[in-house]
$ cat protein.txt   # compact mmCIF, C-alpha atoms
# COMPACT_ATOMS: atom_id res chain seq x y z
CA MET N 236 -11.20 31.40 -22.29
CA ASP N 237 -12.82 27.96 -22.65
CA LYS N 238 -14.62 26.50 -19.65
CA VAL N 239 -14.73 22.75 -18.98
CA ARG N 240 -17.46 21.34 -16.78
CA ILE N 241 -16.61 18.43 -14.50
CA ALA N 242 -18.47 16.44 -11.86
CA LEU N 243 -17.39 14.95 -8.54
CA LEU N 244 -18.66 11.60 -7.34
CA GLY N 245 -18.27 11.98 -3.59
CA LEU N 246 -17.59 14.83 -1.18
CA GLY N 247 -15.63 13.15 1.58
CA ASN N 248 -12.09 14.13 2.54
CA VAL N 249 -10.66 13.76 -0.97
CA GLY N 250 -13.64 15.44 -2.59
CA LYS N 251 -13.25 18.38 -0.22
CA GLY N 252 -9.57 18.54 -1.07
CA VAL N 253 -10.34 18.70 -4.79
CA TRP N 254 -12.90 21.47 -4.23
CA ASN N 255 -10.55 23.53 -2.06
CA ILE N 256 -7.56 23.16 -4.41
CA LEU N 257 -9.58 24.15 -7.46
CA LYS N 258 -10.77 27.26 -5.61
CA SER N 259 -7.56 28.32 -3.85
CA ASN N 260 -5.21 27.66 -6.79
CA ARG N 261 -7.64 28.76 -9.50
CA GLU N 262 -5.37 31.18 -11.39
CA ALA N 263 -2.41 28.81 -11.58
CA ILE N 264 -4.66 25.92 -12.61
CA VAL N 265 -6.26 27.94 -15.39
CA LYS N 266 -2.82 28.75 -16.82
CA ARG N 267 -1.66 25.13 -16.63
CA ALA N 268 -4.85 23.54 -17.90
CA GLY N 269 -5.40 26.14 -20.61
CA CYS N 270 -9.03 26.50 -19.59
CA GLU N 271 -11.27 27.23 -16.64
CA ILE N 272 -12.52 24.23 -14.66
CA GLU N 273 -16.08 24.41 -13.39
CA ILE N 274 -17.53 21.85 -10.98
CA ALA N 275 -21.03 21.43 -12.37
CA LYS N 276 -22.40 18.70 -10.09
CA ILE N 277 -21.37 16.73 -7.00
CA LEU N 278 -22.90 13.34 -6.24
CA VAL N 279 -23.60 12.79 -2.52
CA ASN N 280 -25.71 10.43 -0.44
CA ASP N 281 -27.38 13.18 1.60
CA ILE N 282 -27.77 16.73 0.33
CA ASN N 283 -28.59 18.08 3.81
CA LYS N 284 -25.59 16.62 5.62
CA GLN N 285 -23.32 19.13 7.41
CA ARG N 286 -19.90 19.03 5.70
CA ASN N 287 -17.97 22.06 6.97
CA ILE N 288 -17.27 23.22 3.44
CA ASP N 289 -18.71 26.14 1.49
CA VAL N 290 -20.31 24.34 -1.46
CA PRO N 291 -23.49 25.76 -3.03
CA LYS N 292 -26.36 23.40 -2.29
CA GLU N 293 -27.60 23.55 -5.88
CA LEU N 294 -24.46 21.72 -7.03
CA LEU N 295 -25.29 18.69 -4.89
CA THR N 296 -27.32 15.79 -6.23
CA THR N 297 -28.23 12.26 -5.19
CA ASN N 298 -29.11 11.31 -8.77
CA ILE N 299 -26.19 9.96 -10.81
CA ASP N 300 -28.18 10.45 -14.03
CA GLU N 301 -27.90 14.22 -13.60
CA ILE N 302 -24.18 13.73 -14.19
CA LEU N 303 -23.99 10.83 -16.62
CA ARG N 304 -26.71 12.13 -18.94
CA ASP N 305 -25.39 15.68 -19.01
CA ASP N 306 -23.39 15.95 -22.24
CA SER N 307 -21.85 19.24 -21.09
CA ILE N 308 -19.94 17.42 -18.33
CA LYS N 309 -16.68 16.25 -19.90
CA VAL N 310 -14.79 14.78 -16.93
CA VAL N 311 -16.12 12.58 -14.12
CA VAL N 312 -13.98 12.57 -10.96
CA GLU N 313 -14.66 9.53 -8.79
CA VAL N 314 -13.62 9.98 -5.13
CA MET N 315 -16.34 7.91 -3.45
CA GLY N 316 -14.33 4.69 -3.05
CA GLY N 317 -15.41 1.05 -2.96
CA LEU N 318 -16.15 -1.33 -5.83
CA GLU N 319 -19.83 -0.67 -6.35
CA PRO N 320 -21.50 1.52 -7.41
CA ALA N 321 -18.21 3.24 -8.37
CA LYS N 322 -17.41 0.65 -11.06
CA GLU N 323 -20.87 0.93 -12.62
CA TYR N 324 -20.71 4.74 -12.64
CA ILE N 325 -17.21 4.86 -14.15
CA LEU N 326 -18.01 2.37 -16.92
CA ASP N 327 -21.19 4.27 -17.74
CA ALA N 328 -19.25 7.54 -17.89
CA ILE N 329 -16.66 6.00 -20.20
CA ARG N 330 -19.33 4.64 -22.55
CA ARG N 331 -20.80 8.15 -22.71
CA LYS N 332 -17.38 9.42 -23.87
CA LYS N 333 -16.52 11.18 -20.61
CA HIS N 334 -12.95 11.19 -19.32
CA VAL N 335 -12.48 9.76 -15.83
CA VAL N 336 -10.19 10.60 -12.93
CA THR N 337 -10.29 8.24 -9.94
CA ALA N 338 -8.57 7.82 -6.59
CA ASN N 339 -10.01 4.32 -6.15
CA LYS N 340 -7.18 1.85 -5.54
CA LEU N 341 -9.50 -1.10 -4.90
CA LEU N 342 -11.35 -0.58 -8.17
CA ILE N 343 -8.19 -0.13 -10.26
CA ALA N 344 -6.51 -3.15 -8.66
CA MET N 345 -9.55 -5.41 -9.10
CA ASN N 346 -11.12 -4.13 -12.34
CA GLY N 347 -8.46 -2.02 -14.03
CA ASP N 348 -8.22 -4.29 -17.08
CA GLN N 349 -11.91 -3.90 -17.89
CA ILE N 350 -11.95 -0.16 -17.22
CA PHE N 351 -8.93 0.59 -19.44
CA LYS N 352 -10.15 -1.70 -22.20
CA GLU N 353 -13.43 0.23 -22.27
CA ALA N 354 -11.50 3.53 -22.19
CA GLU N 355 -9.40 2.51 -25.19
CA GLU N 356 -12.47 1.44 -27.14
CA ASN N 357 -14.25 4.73 -26.37
CA GLU N 358 -11.13 6.87 -26.89
CA VAL N 359 -11.23 8.51 -23.47
CA ILE N 360 -8.63 8.90 -20.75
CA VAL N 361 -8.73 7.31 -17.30
CA ASN N 362 -6.20 8.78 -14.86
CA PHE N 363 -5.58 7.31 -11.41
CA GLU N 364 -2.49 8.93 -9.86
CA ALA N 365 -4.25 9.41 -6.50
CA SER N 366 -4.95 5.68 -6.16
CA VAL N 367 -1.41 4.99 -4.90
CA CYS N 368 0.51 7.03 -2.33
CA GLY N 369 -1.66 10.16 -2.29
CA GLY N 370 0.27 13.15 -3.57
CA ILE N 371 3.43 11.25 -4.55
CA PRO N 372 3.65 11.16 -8.39
CA ILE N 373 4.50 7.46 -8.55
CA ILE N 374 2.05 6.50 -11.35
CA HIS N 375 3.31 9.28 -13.63
CA GLY N 376 6.88 8.37 -12.72
CA ILE N 377 6.46 4.77 -13.86
CA ASN N 378 4.21 5.56 -16.83
CA GLU N 379 6.27 8.43 -18.20
CA SER N 380 9.58 9.29 -16.59
CA LEU N 381 10.90 5.74 -16.20
CA THR N 382 9.74 4.22 -19.49
CA ALA N 383 13.34 3.99 -20.72
CA ASN N 384 14.12 1.56 -17.89
CA ARG N 385 13.53 -2.06 -17.16
CA ILE N 386 12.36 -1.84 -13.57
CA GLU N 387 13.95 -4.52 -11.42
CA LYS N 388 12.22 -3.98 -8.12
CA ILE N 389 9.93 -1.71 -6.12
CA VAL N 390 9.94 -1.62 -2.34
CA GLY N 391 7.90 0.86 -0.40
CA ILE N 392 6.00 2.07 2.61
CA ILE N 393 2.68 2.67 0.89
CA ASN N 394 0.17 2.73 3.75
CA GLY N 395 0.23 5.82 5.94
CA THR N 396 -1.97 4.39 8.69
CA THR N 397 0.30 1.47 9.51
CA ASN N 398 3.37 3.67 9.23
CA TYR N 399 1.86 6.10 11.73
CA ILE N 400 1.09 3.24 14.14
CA LEU N 401 4.57 1.71 13.87
CA THR N 402 6.17 5.15 14.26
CA LYS N 403 4.27 5.71 17.52
CA MET N 404 5.23 2.24 18.74
CA THR N 405 8.89 2.88 17.88
CA LEU N 406 9.43 6.46 19.00
CA GLU N 407 6.96 6.69 21.88
CA LYS N 408 6.87 3.03 22.97
CA MET N 409 3.09 2.84 22.56
CA SER N 410 1.24 -0.46 22.35
CA PHE N 411 -0.38 -1.37 19.05
CA GLU N 412 -3.82 -0.78 20.55
CA ASP N 413 -2.98 2.71 21.85
CA ALA N 414 -1.27 3.73 18.61
CA LEU N 415 -4.26 2.52 16.58
CA LYS N 416 -6.66 4.45 18.81
CA GLU N 417 -4.64 7.65 18.29
CA ALA N 418 -4.54 7.04 14.53
CA GLN N 419 -8.32 6.73 14.54
CA GLU N 420 -8.71 9.92 16.57
CA LYS N 421 -6.55 11.81 14.06
CA GLY N 422 -8.50 10.43 11.11
CA TYR N 423 -5.63 8.32 9.76
CA ALA N 424 -7.47 5.06 10.48
CA GLU N 425 -11.08 4.11 9.88
CA ALA N 426 -13.41 2.88 12.62
CA ASP N 427 -12.84 -0.55 11.06
CA PRO N 428 -9.07 -0.48 10.38
CA THR N 429 -8.87 -3.96 8.87
CA SER N 430 -7.95 -2.88 5.34
CA ASP N 431 -4.96 -0.93 6.65
CA VAL N 432 -3.63 -2.96 9.57
CA GLU N 433 -4.08 -6.34 7.85
CA GLY N 434 -2.28 -5.16 4.71
CA TYR N 435 -5.14 -5.23 2.17
CA ASP N 436 -4.77 -1.55 1.26
CA ALA N 437 -1.07 -2.05 0.51
CA VAL N 438 -1.87 -5.16 -1.56
CA TYR N 439 -4.22 -3.20 -3.85
CA LYS N 440 -1.61 -0.49 -4.35
CA LEU N 441 1.17 -3.01 -4.99
CA ALA N 442 -1.00 -4.74 -7.60
CA ILE N 443 -1.38 -1.44 -9.47
CA LEU N 444 2.35 -0.65 -9.34
CA THR N 445 3.23 -4.16 -10.49
CA LYS N 446 0.90 -4.03 -13.48
CA LEU N 447 2.43 -0.74 -14.58
CA ALA N 448 6.07 -1.53 -13.89
CA PHE N 449 6.16 -5.12 -15.15
CA ASP N 450 3.37 -5.15 -17.77
CA THR N 451 1.71 -8.22 -16.34
CA ARG N 452 -1.65 -9.16 -14.94
CA VAL N 453 -1.75 -9.43 -11.16
CA ASP N 454 -4.44 -11.17 -9.13
CA VAL N 455 -4.52 -9.51 -5.71
CA ASP N 456 -5.19 -12.93 -4.18
CA ASN N 457 -1.74 -14.07 -5.36
CA ILE N 458 0.08 -11.37 -3.40
CA TYR N 459 1.37 -12.62 -0.06
CA ARG N 460 -0.17 -10.53 2.71
CA GLU N 461 0.56 -10.16 6.40
CA GLY N 462 -0.52 -7.25 8.61
CA ILE N 463 1.00 -5.57 11.64
CA THR N 464 -1.35 -6.78 14.39
CA LYS N 465 1.21 -9.26 15.76
CA ILE N 466 3.91 -6.63 16.22
CA LYS N 467 4.57 -6.01 19.93
CA PRO N 468 6.69 -3.35 21.65
CA VAL N 469 9.13 -6.12 22.59
CA ASP N 470 9.71 -6.86 18.88
CA ILE N 471 10.43 -3.19 18.23
CA ALA N 472 12.88 -3.16 21.15
CA TYR N 473 14.70 -6.23 19.83
CA ALA N 474 14.79 -4.71 16.34
CA LYS N 475 16.53 -1.66 17.77
CA GLU N 476 19.01 -3.90 19.58
CA PHE N 477 19.91 -5.58 16.29
CA GLY N 478 20.14 -2.25 14.41
CA TYR N 479 16.77 -2.36 12.64
CA VAL N 480 13.36 -0.68 12.60
CA ILE N 481 10.07 -2.38 11.70
CA LYS N 482 7.99 -1.13 8.77
CA LEU N 483 5.12 -2.57 6.76
CA LEU N 484 6.73 -3.08 3.36
CA ALA N 485 5.21 -3.76 -0.03
CA ALA N 486 7.69 -5.33 -2.42
CA VAL N 487 7.84 -6.63 -5.96
CA LYS N 488 11.04 -7.99 -7.48
CA GLU N 489 11.71 -9.77 -10.77
CA VAL N 490 13.87 -12.89 -10.49
CA ASN N 491 14.49 -14.94 -13.65
CA GLU N 492 11.28 -13.66 -15.27
CA ARG N 493 9.23 -14.55 -12.18
CA LEU N 494 7.93 -12.08 -9.60
CA GLU N 495 8.25 -11.94 -5.84
CA LEU N 496 5.10 -10.18 -4.62
CA ARG N 497 4.61 -9.58 -0.91
CA VAL N 498 3.23 -7.25 1.73
CA HIS N 499 4.38 -7.85 5.29
CA PRO N 500 6.15 -6.29 8.28
CA ALA N 501 9.92 -6.31 7.91
CA MET N 502 12.97 -5.22 9.83
CA ILE N 503 15.13 -2.86 7.79
CA PRO N 504 18.54 -1.37 8.64
CA VAL N 505 18.37 1.93 10.51
CA ILE N 506 20.79 3.44 7.98
CA HIS N 507 18.44 2.90 5.02
CA PRO N 508 16.37 5.94 3.93
CA LEU N 509 13.13 3.97 4.30
CA ALA N 510 13.89 3.47 7.99
CA ASN N 511 13.49 7.21 8.55
CA VAL N 512 10.10 7.52 6.86
CA ASN N 513 7.84 8.25 9.81
CA ASP N 514 4.36 9.40 10.77
CA SER N 515 1.79 9.04 7.94
CA PHE N 516 4.38 9.63 5.22
CA ASN N 517 4.89 7.17 2.35
CA ALA N 518 8.03 6.39 0.38
CA VAL N 519 8.65 4.22 -2.67
CA PHE N 520 12.10 2.88 -3.52
CA ILE N 521 12.54 1.95 -7.21
CA LYS N 522 15.47 0.26 -8.91
CA GLY N 523 15.75 0.63 -12.69
CA ASN N 524 18.44 -0.95 -14.82
CA ALA N 525 19.39 2.43 -16.34
CA VAL N 526 18.53 5.04 -13.71
CA GLY N 527 19.68 3.00 -10.70
CA ASP N 528 18.06 3.68 -7.32
CA LEU N 529 15.31 6.26 -6.80
CA MET N 530 13.14 7.08 -3.81
CA LEU N 531 9.92 9.10 -3.92
CA TYR N 532 8.73 10.48 -0.59
CA GLY N 533 5.73 12.45 0.61
CA ARG N 534 2.29 12.41 2.21
CA GLY N 535 0.57 9.22 1.21
CA ALA N 536 -2.94 10.25 2.20
CA GLY N 537 -5.02 13.14 3.39
CA GLU N 538 -7.41 15.70 1.97
CA LEU N 539 -4.93 18.01 0.25
CA PRO N 540 -2.13 15.60 -0.79
CA THR N 541 -4.59 13.20 -2.42
CA GLY N 542 -6.64 16.09 -3.76
CA SER N 543 -3.45 17.44 -5.33
CA ALA N 544 -2.97 14.20 -7.28
CA VAL N 545 -6.61 14.23 -8.41
CA VAL N 546 -6.46 17.82 -9.64
CA GLY N 547 -3.15 17.08 -11.38
CA ASP N 548 -4.89 14.23 -13.21
CA ILE N 549 -7.75 16.54 -14.22
CA ILE N 550 -5.27 19.03 -15.67
CA SER N 551 -3.48 16.20 -17.48
CA VAL N 552 -6.78 15.12 -19.08
CA LEU N 553 -7.52 18.66 -20.23
CA ARG N 554 -4.06 19.05 -21.71
CA ASN N 555 -4.70 15.73 -23.46
CA GLY N 556 -1.01 14.95 -23.22
CA VAL N 557 -1.18 11.50 -21.70
CA GLU N 558 -0.34 8.82 -24.25
CA ARG N 559 -0.69 5.93 -21.85
CA SER N 560 -3.28 6.62 -19.19
CA GLY N 561 -3.69 3.08 -17.89
CA PHE N 562 -2.65 -0.50 -18.39
CA THR N 563 -1.82 -1.36 -22.00
CA THR N 564 -3.47 -4.76 -21.80
CA ALA N 565 -2.41 -5.84 -25.29
CA ASN N 566 1.25 -5.81 -24.22
CA TYR N 567 0.85 -7.89 -21.07
CA ALA N 568 3.38 -10.65 -20.57
CA HIS N 569 2.64 -13.61 -18.33
CA LYS N 570 4.92 -13.76 -15.31
CA ASP N 571 4.64 -16.51 -12.71
CA ILE N 572 4.52 -15.58 -9.03
CA ILE N 573 7.28 -17.07 -6.89
CA PRO N 574 5.74 -19.06 -4.00
CA MET N 575 6.67 -17.65 -0.59
CA GLU N 576 8.31 -20.98 0.28
CA GLU N 577 10.95 -20.18 -2.36
CA VAL N 578 11.63 -16.63 -1.16
CA LYS N 579 14.96 -16.08 0.59
CA SER N 580 15.40 -13.77 3.55
CA LYS N 581 16.94 -13.35 6.96
CA TYR N 582 14.49 -13.99 9.81
CA TYR N 583 13.87 -12.74 13.32
CA ILE N 584 12.24 -15.46 15.42
CA ARG N 585 11.01 -14.93 19.01
CA ILE N 586 10.27 -18.09 21.00
CA LEU N 587 8.99 -18.58 24.55
CA VAL N 588 10.73 -21.60 26.12
CA LYS N 589 10.99 -23.30 29.48
CA ASP N 590 14.21 -22.34 31.27
CA MET N 591 15.91 -25.73 31.42
CA PRO N 592 19.23 -27.23 30.22
CA GLY N 593 19.54 -28.38 26.61
CA VAL N 594 16.70 -26.40 25.07
CA LEU N 595 18.93 -24.09 23.07
CA GLY N 596 20.87 -27.07 21.73
CA GLN N 597 17.67 -28.85 20.65
CA ILE N 598 16.46 -25.77 18.78
CA ALA N 599 19.84 -25.22 17.12
CA THR N 600 19.93 -28.88 16.00
CA ILE N 601 16.53 -28.61 14.33
CA PHE N 602 17.54 -25.41 12.56
CA GLY N 603 20.73 -27.07 11.33
CA GLU N 604 18.87 -30.12 10.03
CA ASN N 605 16.71 -27.79 7.93
CA GLU N 606 19.59 -25.69 6.54
CA VAL N 607 18.88 -22.67 8.72
CA SER N 608 22.07 -21.02 9.93
CA ILE N 609 21.91 -18.83 13.06
CA LEU N 610 23.52 -15.40 12.74
CA SER N 611 22.92 -14.35 16.37
CA PHE N 612 20.63 -14.93 19.32
CA ILE N 613 19.62 -13.26 22.56
CA GLN N 614 18.30 -14.93 25.71
CA LYS N 615 16.89 -12.59 28.31
CA PRO N 616 17.31 -13.74 31.92
CA GLU N 617 13.97 -12.31 33.06
CA LYS N 618 11.29 -14.93 33.65
CA GLN N 619 8.09 -14.40 31.65
CA ASP N 620 5.68 -16.04 34.11
CA LYS N 621 5.40 -18.25 37.18
CA ASP N 622 6.25 -21.37 35.14
CA ASP N 623 9.80 -20.13 34.53
CA TYR N 624 9.54 -19.46 30.83
CA VAL N 625 12.08 -17.20 29.13
CA THR N 626 12.33 -15.58 25.71
CA ILE N 627 14.94 -16.59 23.16
CA VAL N 628 15.35 -14.51 20.00
CA PHE N 629 17.14 -15.82 16.92
CA VAL N 630 18.32 -13.96 13.83
CA THR N 631 19.14 -16.23 10.91
CA HIS N 632 21.32 -15.92 7.86
CA ASP N 633 19.56 -15.84 4.48
CA THR N 634 17.48 -18.96 4.03
CA TYR N 635 14.37 -20.13 2.22
CA GLU N 636 11.01 -19.60 3.90
CA ASP N 637 10.29 -23.30 3.46
CA ASN N 638 13.32 -24.11 5.64
CA ILE N 639 12.01 -21.80 8.36
CA ASN N 640 8.52 -23.32 8.22
CA LYS N 641 9.82 -26.88 8.44
CA SER N 642 12.07 -25.95 11.36
CA LEU N 643 9.30 -24.30 13.34
CA VAL N 644 6.96 -27.27 12.91
CA LYS N 645 9.58 -29.46 14.63
CA ILE N 646 10.52 -26.84 17.22
CA THR N 647 6.91 -26.41 18.38
CA GLU N 648 6.77 -30.16 19.02
CA LEU N 649 9.50 -29.90 21.67
CA GLU N 650 8.23 -30.34 25.24
CA ALA N 651 10.09 -27.26 26.47
CA ILE N 652 8.54 -24.90 23.90
CA SER N 653 5.58 -22.78 24.96
CA LYS N 654 5.06 -21.08 21.58
CA VAL N 655 6.71 -19.27 18.70
CA GLU N 656 5.59 -15.74 19.52
CA ASN N 657 6.62 -13.93 16.34
CA ILE N 658 8.47 -14.27 13.05
CA ILE N 659 9.54 -11.16 11.11
CA ARG N 660 11.51 -11.08 7.89
CA ILE N 661 14.66 -8.94 7.70
CA GLU N 662 15.24 -7.03 4.46
CA ASN N 663 18.73 -5.84 3.55
CA LEU N 664 17.32 -3.69 0.70
CA GLU N 665 20.51 -3.89 -1.36

$ encode --input "protein.txt" --output "structure tokens"
Amino acid sequence: MDKVRIALLGLGNVGKGVWNILKSNREAIVKRAGCEIEIAKILVNDINKQRNIDVPKELLTTNIDEILRDDSIKVVVEVMGGLEPAKEYILDAIRRKKHVVTANKLLIAMNGDQIFKEAEENEVIVNFEASVCGGIPIIHGINESLTANRIEKIVGIINGTTNYILTKMTLEKMSFEDALKEAQEKGYAEADPTSDVEGYDAVYKLAILTKLAFDTRVDVDNIYREGITKIKPVDIAYAKEFGYVIKLLAAVKEVNERLELRVHPAMIPVIHPLANVNDSFNAVFIKGNAVGDLMLYGRGAGELPTGSAVVGDIISVLRNGVERSGFTTANYAHKDIIPMEEVKSKYYIRILVKDMPGVLGQIATIFGENEVSILSFIQKPEKQDKDDYVTIVFVTHDTYEDNINKSLVKITELEAISKVENIIRIENLE
């Protein structure tokens, strides 16, 4: 039987997952790939580092040229992450006619056009299933299974770290800080969690899904982004009172040939399937004009789930059955991004006000003047501090974000207002 030599760039969690899967599932993989897969070299920063994995030391190298200049290595598997030097290594591999498998969402979101253009010119495949939602086959689903559809929208929970944090805050009434600390202890969050908790990770993934589903270029800087750091236990309690749960959602929707593109916390109805996606799991809800509604669910990160997607991509390369491995840049259509001010939604608004007559009427008047209709409100009798401030929570009917912004500018000018403590959009997901 033929043997194909591959190389790994990186031996962190995902790299370990790839190694372990190739070893433990060897017989099944050989049958499905039609050949034996041999890991010939693994690029690492430190050969002598303790890694708790049984990898022969002679496979490790700190010299990328041992991989790129070895013509016997046919597939380069990049699981090191980051923009550089990963981009340089991948482009060099492509130019040397090596196929590439990557789990690098940042690189694909930022430089996918260049990478796939080079791949087309050099007649090699670049697969990237693991870059979005770990082991969930969302890239293959859009690229292959759903090609008969015009996709109308995608809404998903695509960051496992934030979902874990919000789950702990919801089910165990933890503070954000305590839930984040636990996520870090379990390895779900990095020491610097900014990319996850501020929504950047979800933005990169949404950019990739949008390019594939809507055949358009997407600048990650044009995707509205808001993280979960402002979410407090009190907001989660109010959400429950109104029949919602809070999730970090990534959403793209086509409206009159323009795209809504946003990543932000949202309240969603407790009866919707996405509301019950907990822990570090991911789920992606897709609406196609022919297939209707679909939801893909599974582990969005981790050594084995992400490793599973990487190995699946390796097998796909060796089968050589992927007609469209990346973005078909020649077919891109220009689609304008809808400004957030023009996006319609219901809103949850929590305001700290002085407990005095007439305040509620003043707020309601300002909302009315700006075409914001109140669906319901709650005023808690408990005083918030010694100055006799109380919390008022409003839920609005559907309205434009611009109307909300204009209202809140006027409301914060009122003498009785301490501050607007939080604003969270409410998604009906119909």

$ atom_distance --input "protein.txt" --atom1 "atom CA of N:Asp237" --atom2 "atom CA of N:Pro372"
27.5 Å

$ closest_residue --input "protein.txt" --among "N:Gly434, N:Gly478, N:Gly391, N:Gly603" --to "N:Ile503" --atoms "only C-alpha atoms"
N:Gly478

$ atom_distance --input "protein.txt" --atom1 "atom CA of N:Val628" --atom2 "atom CA of N:Tyr583"
7.1 Å

$ closest_residue --input "protein.txt" --among "N:Asp548, N:Asp623, N:Glu662, N:Glu353" --to "N:Val312" --atoms "only C-alpha atoms"
N:Asp548

$ closest_atom_pairs --input "protein.txt" --of "stretch 348-380 of chain N" --to "stretch 331-334 of chain N" --cutoff "9 Å" --atoms "all atoms listed in the file" --output "Markdown table"
| residue | atom | partner | partner_atom | distance |
| --- | --- | --- | --- | --- |
| N:Ala354 | CA | N:His334 | CA | 8.3 |
| N:Asn357 | CA | N:Lys332 | CA | 6.2 |
| N:Glu358 | CA | N:Lys332 | CA | 7.4 |
| N:Val359 | CA | N:His334 | CA | 5.2 |
| N:Ile360 | CA | N:His334 | CA | 5.1 |
| N:Val361 | CA | N:His334 | CA | 6.1 |
| N:Asn362 | CA | N:His334 | CA | 8.4 |

$ write_last_selection --input "protein.txt" --atoms "C-alpha atoms" --output "PDB file, in the frame of the given file"
ATOM      1  CA  ALA N 354     -11.500   3.530 -22.190  1.00  0.00           C
ATOM      2  CA  ASN N 357     -14.250   4.730 -26.370  1.00  0.00           C
ATOM      3  CA  GLU N 358     -11.130   6.870 -26.890  1.00  0.00           C
ATOM      4  CA  VAL N 359     -11.230   8.510 -23.470  1.00  0.00           C
ATOM      5  CA  ILE N 360      -8.630   8.900 -20.750  1.00  0.00           C
ATOM      6  CA  VAL N 361      -8.730   7.310 -17.300  1.00  0.00           C
ATOM      7  CA  ASN N 362      -6.200   8.780 -14.860  1.00  0.00           C
TER       8      ASN N 362
END

$ residues_around --input "protein.txt" --residues "stretch 640-643 of chain N" --least-positions-apart "6" --cutoff "10 Å" --atoms "only C-alpha atoms" --output "PyMOL selection string"
chain N and resi 576+584+586+598-607+654-655

$ residues_around --input "protein.txt" --residues "N:Pro320" --least-positions-apart "3" --cutoff "12 Å" --atoms "all atoms listed in the file" --output "list in words"
Leu244, Gly245, Leu278, Ile299, Glu313, Val314, Met315, Gly316, Gly317, Glu323, Tyr324, Ile325, Leu326, Asp327, Asn339 and Leu342 of chain N

$ closest_residue --input "protein.txt" --among "N:His569, N:Lys276, N:Arg554, N:Arg304" --to "N:Ile264" --atoms "only C-alpha atoms"
N:Arg554

$ atom_distance --input "protein.txt" --atom1 "atom CA of N:Val310" --atom2 "atom CA of N:Ile241"
4.7 Å

$ closest_atom_pairs --input "protein.txt" --of "stretch 330-400 of chain N" --to "stretch 409-431 of chain N" --cutoff "10 Å" --atoms "only C-alpha atoms" --output "CSV"
residue,atom,partner,partner_atom,distance
N:Asn394,CA,N:Asp431,CA,6.9
N:Gly395,CA,N:Tyr423,CA,7.4
N:Thr396,CA,N:Tyr423,CA,5.5
N:Thr397,CA,N:Asp431,CA,6.5
N:Asn398,CA,N:Asp431,CA,9.9
N:Tyr399,CA,N:Ala418,CA,7.0
N:Ile400,CA,N:Ala414,CA,5.1

$ closest_residue --input "protein.txt" --among "N:Val432, N:Ala321, N:Leu496, N:Ala651" --to "N:Lys388" --atoms "all atoms listed in the file"
N:Leu496

$ residues_around --input "protein.txt" --residues "N:Glu301" --least-positions-apart "6" --cutoff "12 Å" --atoms "only C-alpha atoms" --output "list in words"
Ala242, Leu243, Leu244, Ala275, Lys276, Ile277, Leu278, Val279, Leu294, Leu295, Ser307, Ile308, Val311, Tyr324 and Ala328 of chain N

$ closest_residue --input "protein.txt" --among "N:Met502, N:Val588, N:Ile652, N:Ile658" --to "N:Val625" --atoms "all atoms listed in the file"
N:Val588

$ closest_residue --input "protein.txt" --among "N:Leu610, N:Val336, N:Ile389, N:Ile549" --to "N:Thr445" --atoms "all atoms listed in the file"
N:Ile389

$ residues_near_point --input "protein.txt" --point "(5.0, -1.8, 4.7)" --cutoff "12 Å" --atoms "all atoms listed in the file" --output "short mmCIF file (atom, residue, chain, number, x, y, z; two decimals) with C-alpha atoms, in the frame of the given file"
data_model
loop_
_atom_site.label_atom_id
_atom_site.label_comp_id
_atom_site.auth_asym_id
_atom_site.auth_seq_id
_atom_site.Cartn_x
_atom_site.Cartn_y
_atom_site.Cartn_z
CA ILE N 389 9.93 -1.71 -6.12
CA VAL N 390 9.94 -1.62 -2.34
CA GLY N 391 7.90 0.86 -0.40
CA ILE N 392 6.00 2.07 2.61
CA ILE N 393 2.68 2.67 0.89
CA ASN N 394 0.17 2.73 3.75
CA GLY N 395 0.23 5.82 5.94
CA THR N 396 -1.97 4.39 8.69
CA THR N 397 0.30 1.47 9.51
CA ASN N 398 3.37 3.67 9.23
CA TYR N 399 1.86 6.10 11.73
CA ILE N 400 1.09 3.24 14.14
CA LEU N 401 4.57 1.71 13.87
CA THR N 402 6.17 5.15 14.26
CA ASP N 431 -4.96 -0.93 6.65
CA VAL N 432 -3.63 -2.96 9.57
CA GLU N 433 -4.08 -6.34 7.85
CA GLY N 434 -2.28 -5.16 4.71
CA TYR N 435 -5.14 -5.23 2.17
CA ASP N 436 -4.77 -1.55 1.26
CA ALA N 437 -1.07 -2.05 0.51
CA VAL N 438 -1.87 -5.16 -1.56
CA LYS N 440 -1.61 -0.49 -4.35
CA LEU N 441 1.17 -3.01 -4.99
CA ARG N 460 -0.17 -10.53 2.71
CA GLU N 461 0.56 -10.16 6.40
CA GLY N 462 -0.52 -7.25 8.61
CA ILE N 463 1.00 -5.57 11.64
CA VAL N 480 13.36 -0.68 12.60
CA ILE N 481 10.07 -2.38 11.70
CA LYS N 482 7.99 -1.13 8.77
CA LEU N 483 5.12 -2.57 6.76
CA LEU N 484 6.73 -3.08 3.36
CA ALA N 485 5.21 -3.76 -0.03
CA ALA N 486 7.69 -5.33 -2.42
CA ARG N 497 4.61 -9.58 -0.91
CA VAL N 498 3.23 -7.25 1.73
CA HIS N 499 4.38 -7.85 5.29
CA PRO N 500 6.15 -6.29 8.28
CA ALA N 501 9.92 -6.31 7.91
CA MET N 502 12.97 -5.22 9.83
CA ILE N 503 15.13 -2.86 7.79
CA LEU N 509 13.13 3.97 4.30
CA ALA N 510 13.89 3.47 7.99
CA VAL N 512 10.10 7.52 6.86
CA ASN N 513 7.84 8.25 9.81
CA SER N 515 1.79 9.04 7.94
CA PHE N 516 4.38 9.63 5.22
CA ASN N 517 4.89 7.17 2.35
CA ALA N 518 8.03 6.39 0.38
CA VAL N 519 8.65 4.22 -2.67
CA PHE N 520 12.10 2.88 -3.52
CA ARG N 660 11.51 -11.08 7.89
CA GLU N 662 15.24 -7.03 4.46
#
